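target.cif (mmCIF, C-alpha atoms and all ligand atoms) appears below.
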```
data_input
#
loop_
_atom_site.group_PDB
_atom_site.id
_atom_site.type_symbol
_atom_site.label_atom_id
_atom_site.label_comp_id
_atom_site.auth_asym_id
_atom_site.auth_seq_id
_atom_site.Cartn_x
_atom_site.Cartn_y
_atom_site.Cartn_z
ATOM 1 C CA MET E 1 -10.354 18.886 10.894
ATOM 2 C CA VAL E 2 -7.123 17.295 12.067
ATOM 3 C CA TYR E 3 -5.063 14.753 10.148
ATOM 4 C CA LEU E 4 -3.236 11.962 11.941
ATOM 5 C CA THR E 5 -0.627 9.812 10.208
ATOM 6 C CA ARG E 6 0.811 6.477 11.226
ATOM 7 C CA VAL E 7 3.889 5.134 9.420
ATOM 8 C CA GLU E 8 4.356 1.393 8.971
ATOM 9 C CA HIS E 9 6.894 -0.657 7.122
ATOM 10 C CA PHE E 10 7.085 -3.894 5.176
ATOM 11 C CA ASN E 11 9.466 -5.746 2.892
ATOM 12 C CA ALA E 12 8.167 -7.588 -0.126
ATOM 13 C CA ALA E 13 9.214 -9.111 -3.419
ATOM 14 C CA HIS E 14 7.539 -8.643 -6.765
ATOM 15 C CA LYS E 15 8.068 -8.347 -10.458
ATOM 16 C CA LEU E 16 6.409 -6.233 -13.079
ATOM 17 C CA TYR E 17 5.526 -8.624 -15.844
ATOM 18 C CA ASN E 18 2.590 -8.667 -18.215
ATOM 19 C CA GLY E 19 2.012 -12.317 -19.081
ATOM 20 C CA SER E 20 0.281 -11.493 -22.359
ATOM 21 C CA TRP E 21 3.429 -9.780 -23.673
ATOM 22 C CA THR E 22 6.687 -11.258 -24.938
ATOM 23 C CA ARG E 23 9.691 -11.284 -22.658
ATOM 24 C CA GLU E 24 11.326 -8.661 -24.880
ATOM 25 C CA ARG E 25 8.358 -6.317 -24.568
ATOM 26 C CA ASN E 26 8.300 -6.765 -20.784
ATOM 27 C CA GLU E 27 11.990 -5.957 -20.568
ATOM 28 C CA GLU E 28 11.536 -2.947 -22.811
ATOM 29 C CA VAL E 29 8.719 -1.495 -20.690
ATOM 30 C CA PHE E 30 9.665 -2.601 -17.175
ATOM 31 C CA GLY E 31 13.455 -2.893 -17.402
ATOM 32 C CA LYS E 32 15.038 -4.513 -14.376
ATOM 33 C CA CYS E 33 11.622 -4.701 -12.676
ATOM 34 C CA ALA E 34 10.669 -7.448 -15.147
ATOM 35 C CA ASN E 35 13.424 -9.738 -13.809
ATOM 36 C CA GLU E 36 11.814 -13.177 -13.838
ATOM 37 C CA ASN E 37 13.367 -14.179 -10.535
ATOM 38 C CA TRP E 38 11.877 -11.258 -8.594
ATOM 39 C CA HIS E 39 13.348 -8.309 -6.730
ATOM 40 C CA GLY E 40 12.454 -6.687 -3.433
ATOM 41 C CA HIS E 41 11.644 -3.339 -1.881
ATOM 42 C CA ASN E 42 11.553 -1.854 1.583
ATOM 43 C CA TYR E 43 8.142 -0.255 1.443
ATOM 44 C CA GLU E 44 7.026 2.498 3.777
ATOM 45 C CA LEU E 45 3.309 3.024 4.258
ATOM 46 C CA HIS E 46 1.893 6.321 5.572
ATOM 47 C CA VAL E 47 -1.763 6.091 6.534
ATOM 48 C CA THR E 48 -3.565 9.347 7.354
ATOM 49 C CA VAL E 49 -6.946 9.488 9.063
ATOM 50 C CA LYS E 50 -8.946 12.648 9.696
ATOM 51 C CA GLY E 51 -11.418 13.871 12.247
ATOM 52 C CA ASN E 52 -11.929 16.151 15.196
ATOM 53 C CA PRO E 53 -10.250 15.420 18.533
ATOM 54 C CA ASP E 54 -12.480 13.628 21.000
ATOM 55 C CA ALA E 55 -13.532 15.829 23.934
ATOM 56 C CA GLU E 56 -12.335 13.335 26.552
ATOM 57 C CA THR E 57 -9.175 11.840 24.981
ATOM 58 C CA GLY E 58 -8.053 14.655 22.701
ATOM 59 C CA PHE E 59 -7.476 11.976 20.058
ATOM 60 C CA ILE E 60 -8.958 11.568 16.596
ATOM 61 C CA TYR E 61 -8.286 7.888 17.041
ATOM 62 C CA ASP E 62 -5.956 5.970 19.334
ATOM 63 C CA VAL E 63 -2.775 5.734 17.250
ATOM 64 C CA LYS E 64 -1.811 2.416 18.860
ATOM 65 C CA LYS E 65 -5.118 0.969 17.708
ATOM 66 C CA LEU E 66 -4.546 2.463 14.268
ATOM 67 C CA SER E 67 -1.195 0.698 14.100
ATOM 68 C CA ILE E 68 -2.736 -2.648 15.099
ATOM 69 C CA LEU E 69 -5.479 -2.170 12.545
ATOM 70 C CA ILE E 70 -3.026 -1.385 9.714
ATOM 71 C CA ASN E 71 -0.881 -4.356 10.701
ATOM 72 C CA THR E 72 -3.801 -6.760 10.864
ATOM 73 C CA ALA E 73 -5.513 -5.552 7.693
ATOM 74 C CA VAL E 74 -2.497 -5.258 5.404
ATOM 75 C CA ILE E 75 1.036 -5.427 6.840
ATOM 76 C CA GLU E 76 0.798 -9.032 8.024
ATOM 77 C CA LYS E 77 -0.423 -10.015 4.559
ATOM 78 C CA LEU E 78 2.374 -8.133 2.762
ATOM 79 C CA ASP E 79 5.484 -8.334 4.927
ATOM 80 C CA HIS E 80 8.120 -10.801 3.674
ATOM 81 C CA LYS E 81 5.712 -11.927 0.973
ATOM 82 C CA ASN E 82 5.786 -12.175 -2.783
ATOM 83 C CA LEU E 83 3.181 -9.639 -3.942
ATOM 84 C CA ASN E 84 2.497 -11.502 -7.190
ATOM 85 C CA LEU E 85 1.995 -14.914 -5.594
ATOM 86 C CA ASP E 86 1.179 -14.655 -1.885
ATOM 87 C CA VAL E 87 -1.215 -11.742 -1.439
ATOM 88 C CA ASP E 88 -4.919 -12.459 -1.920
ATOM 89 C CA PHE E 89 -5.860 -8.844 -2.614
ATOM 90 C CA MET E 90 -3.203 -8.511 -5.358
ATOM 91 C CA LYS E 91 -4.181 -11.680 -7.233
ATOM 92 C CA GLY E 92 -4.556 -11.072 -10.945
ATOM 93 C CA LYS E 93 -3.265 -7.496 -10.760
ATOM 94 C CA MET E 94 -0.072 -5.945 -12.023
ATOM 95 C CA CYS E 95 1.990 -5.472 -8.846
ATOM 96 C CA SER E 96 2.828 -1.820 -9.392
ATOM 97 C CA THR E 97 2.984 0.575 -6.475
ATOM 98 C CA GLU E 98 -0.041 2.341 -7.978
ATOM 99 C CA ASN E 99 -2.164 -0.810 -7.872
ATOM 100 C CA LEU E 100 -0.832 -1.713 -4.445
ATOM 101 C CA VAL E 101 -1.880 1.619 -2.920
ATOM 102 C CA LEU E 102 -5.414 1.179 -4.331
ATOM 103 C CA ALA E 103 -5.645 -2.327 -2.869
ATOM 104 C CA ILE E 104 -4.329 -1.181 0.528
ATOM 105 C CA TRP E 105 -6.892 1.637 0.620
ATOM 106 C CA HIS E 106 -9.675 -0.844 -0.086
ATOM 107 C CA GLU E 107 -8.482 -3.274 2.600
ATOM 108 C CA LEU E 108 -8.185 -0.503 5.194
ATOM 109 C CA GLU E 109 -11.628 0.879 4.407
ATOM 110 C CA LEU E 110 -13.117 -2.562 4.986
ATOM 111 C CA ASN E 111 -11.509 -2.694 8.421
ATOM 112 C CA LEU E 112 -11.781 0.843 9.798
ATOM 113 C CA PRO E 113 -14.307 1.255 12.591
ATOM 114 C CA SER E 114 -17.208 3.584 11.830
ATOM 115 C CA GLY E 115 -16.400 7.158 12.717
ATOM 116 C CA VAL E 116 -12.779 6.884 11.567
ATOM 117 C CA HIS E 117 -12.233 8.442 8.179
ATOM 118 C CA LEU E 118 -9.390 7.566 5.901
ATOM 119 C CA HIS E 119 -7.869 10.687 4.352
ATOM 120 C CA GLY E 120 -4.909 9.464 2.342
ATOM 121 C CA ILE E 121 -2.200 6.909 1.874
ATOM 122 C CA GLN E 122 1.350 7.434 0.738
ATOM 123 C CA LEU E 123 3.249 4.337 -0.260
ATOM 124 C CA TYR E 124 7.003 4.624 -0.698
ATOM 125 C CA GLU E 125 8.608 1.980 -2.888
ATOM 126 C CA THR E 126 11.997 3.613 -2.406
ATOM 127 C CA PRO E 127 12.956 6.765 -0.480
ATOM 128 C CA ARG E 128 12.681 8.635 -3.796
ATOM 129 C CA ILE E 129 9.622 7.022 -5.378
ATOM 130 C CA TYR E 130 6.180 7.060 -3.844
ATOM 131 C CA VAL E 131 2.526 7.111 -4.800
ATOM 132 C CA GLU E 132 -0.414 8.763 -3.056
ATOM 133 C CA TYR E 133 -4.111 7.991 -3.024
ATOM 134 C CA TYR E 134 -6.913 10.027 -1.491
ATOM 135 C CA GLY E 135 -9.929 7.997 -2.556
ATOM 136 C CA GLU E 136 -12.348 8.931 -5.263
ATOM 137 C CA PRO E 137 -14.165 12.270 -5.006
ATOM 138 C CA GLU E 138 -17.687 11.807 -3.686
ATOM 139 C CA ALA E 139 -20.360 12.061 -6.381
HETATM 140 NI NI NI P 1 10.008 -3.177 -8.045
#
```
Final structure tokens representation of the file:
Amino acid sequence: MVYLTRVEHFNAAHKLYNGSWTRERNEEVFGKCANENWHGHNYELHVTVKGNPDAETGFIYDVKKLSILINTAVIEKLDHKNLNLDVDFMKGKMCSTENLVLAIWHELELNLPSGVHLHGIQLYETPRIYVEYYGEPEA
């Protein structure tokens, strides 16, 4: 099994704010991330697929196609957007990096051609903070 990773990038604004809490409680839990007037991040998205190289191409999957697929399925919906307000697949969710990586996984799975298997996603919110998701273990 070989693992192939494509790195993509997007900028987006968000805030971490639980509307059922007081402003004080939000500030206590989320600090500067609760700023009512938003803040932004330069996100980096690492998408890893797995498989065995094709006998004729030597590829698991054409990495240019993988890039187009990631861009169409998620990057175009996230880049230069407000995650809380503009992104259909984040509606009604807390816009944490944890929830964002779960939503990105789901969107990619819906769009991957059969025979291409998603292995993992790493989503960097800053160069020093990132989350990873590898799907749920099969029952
Ligand atoms: Ni933030």
Identify, counting all atoms listed in the file, the protein, DNA and RNA residues located within 9 Å of ligand NI 1 (chain P), and give them as a ChimeraX atom specification. /E:13-16,32-34,38-41,95-97,125
Could you state which residues are captured by the PyMOL selection byres (((chain E and resi 6) around 7) and not hetatm) in this file, as a PDB file with C-alpha atoms, in the coordinates of the input?
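This is the output file part-v5.pdb:
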```
ATOM      1  CA  LEU E   4      -3.236  11.962  11.941  1.00  0.00           C
ATOM      2  CA  THR E   5      -0.627   9.812  10.208  1.00  0.00           C
ATOM      3  CA  VAL E   7       3.889   5.134   9.420  1.00  0.00           C
ATOM      4  CA  GLU E   8       4.356   1.393   8.971  1.00  0.00           C
ATOM      5  CA  HIS E  46       1.893   6.321   5.572  1.00  0.00           C
ATOM      6  CA  VAL E  47      -1.763   6.091   6.534  1.00  0.00           C
ATOM      7  CA  THR E  48      -3.565   9.347   7.354  1.00  0.00           C
ATOM      8  CA  SER E  67      -1.195   0.698  14.100  1.00  0.00           C
TER       9      SER E  67
END
```
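Residues matching the PyMOL selection byres (((chain E and resi 83) around 9) and not hetatm) in this structure come to Ala12, Ala13, His14, Lys15, Leu78, Lys81, Asn82, Asn84, Leu85, Asp86, Val87, Asp88, Met90, Lys91, Cys95 and Leu100 of chain E.
Considering only C-alpha atoms, the residue among E:Ile70, E:Val101, E:Ile75, E:Val49 positioned nearest to E:Val116 is E:Val49.
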Could you check which of E:Asp62, E:Glu36, E:Glu98, E:Glu132 is closest to E:His119, using only C-alpha atoms? E:Glu132
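Take atom CA of E:Phe89 and atom CA of E:Phe10: the distance between them is 15.9 Å.
Of note, atom CA of E:Glu109 and atom CA of E:Met94 are spaced 21.2 Å apart.
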Suppose a student applies the PyMOL selection byres (((chain E and resi 127) around 12) and not hetatm) to this structure; what residues should they get, written as a VMD selection string? chain E and resid 41 to 45 122 to 126 128 to 131
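Relative to atom CA of E:Asp79, atom CA of E:Tyr3 is found at 25.9 Å.
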Centre and edges of the stretch 65-84 of chain E box, axis-aligned, 5 Å extra per side, as AutoDock Vina command-line options:
```
--center_x 1.3 --center_y -4.9 --center_z 5.3 --size_x 23.6 --size_y 24.6 --size_z 34.9
```
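Closest approach to E:Leu102 among E:Ile68, E:Val29, E:Ile121, E:Ile60: E:Ile121, based on all atoms listed in the file.
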Compile the contact shell of E:Thr72 as a tab-separated table (two decimals) with C-alpha atoms, in the coordinates of the input: residues with an atom at most 12 Å away, counting all atoms listed in the file, same-chain residues fewer than 6 positions apart removed.
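Contents of out.tsv, freshly written:
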```
chain	number	residue	atom	x	y	z
E	8	GLU	CA	4.36	1.39	8.97
E	65	LYS	CA	-5.12	0.97	17.71
E	66	LEU	CA	-4.55	2.46	14.27
E	78	LEU	CA	2.37	-8.13	2.76
E	79	ASP	CA	5.48	-8.33	4.93
E	104	ILE	CA	-4.33	-1.18	0.53
E	107	GLU	CA	-8.48	-3.27	2.60
E	108	LEU	CA	-8.18	-0.50	5.19
E	110	LEU	CA	-13.12	-2.56	4.99
E	111	ASN	CA	-11.51	-2.69	8.42
E	112	LEU	CA	-11.78	0.84	9.80
```
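Of the residues listed (E:Val74, E:Val2, E:Leu118, E:Val63), E:Val74 shows the shortest atom-to-atom separation from E:Ala103; distances use all atoms listed in the file.
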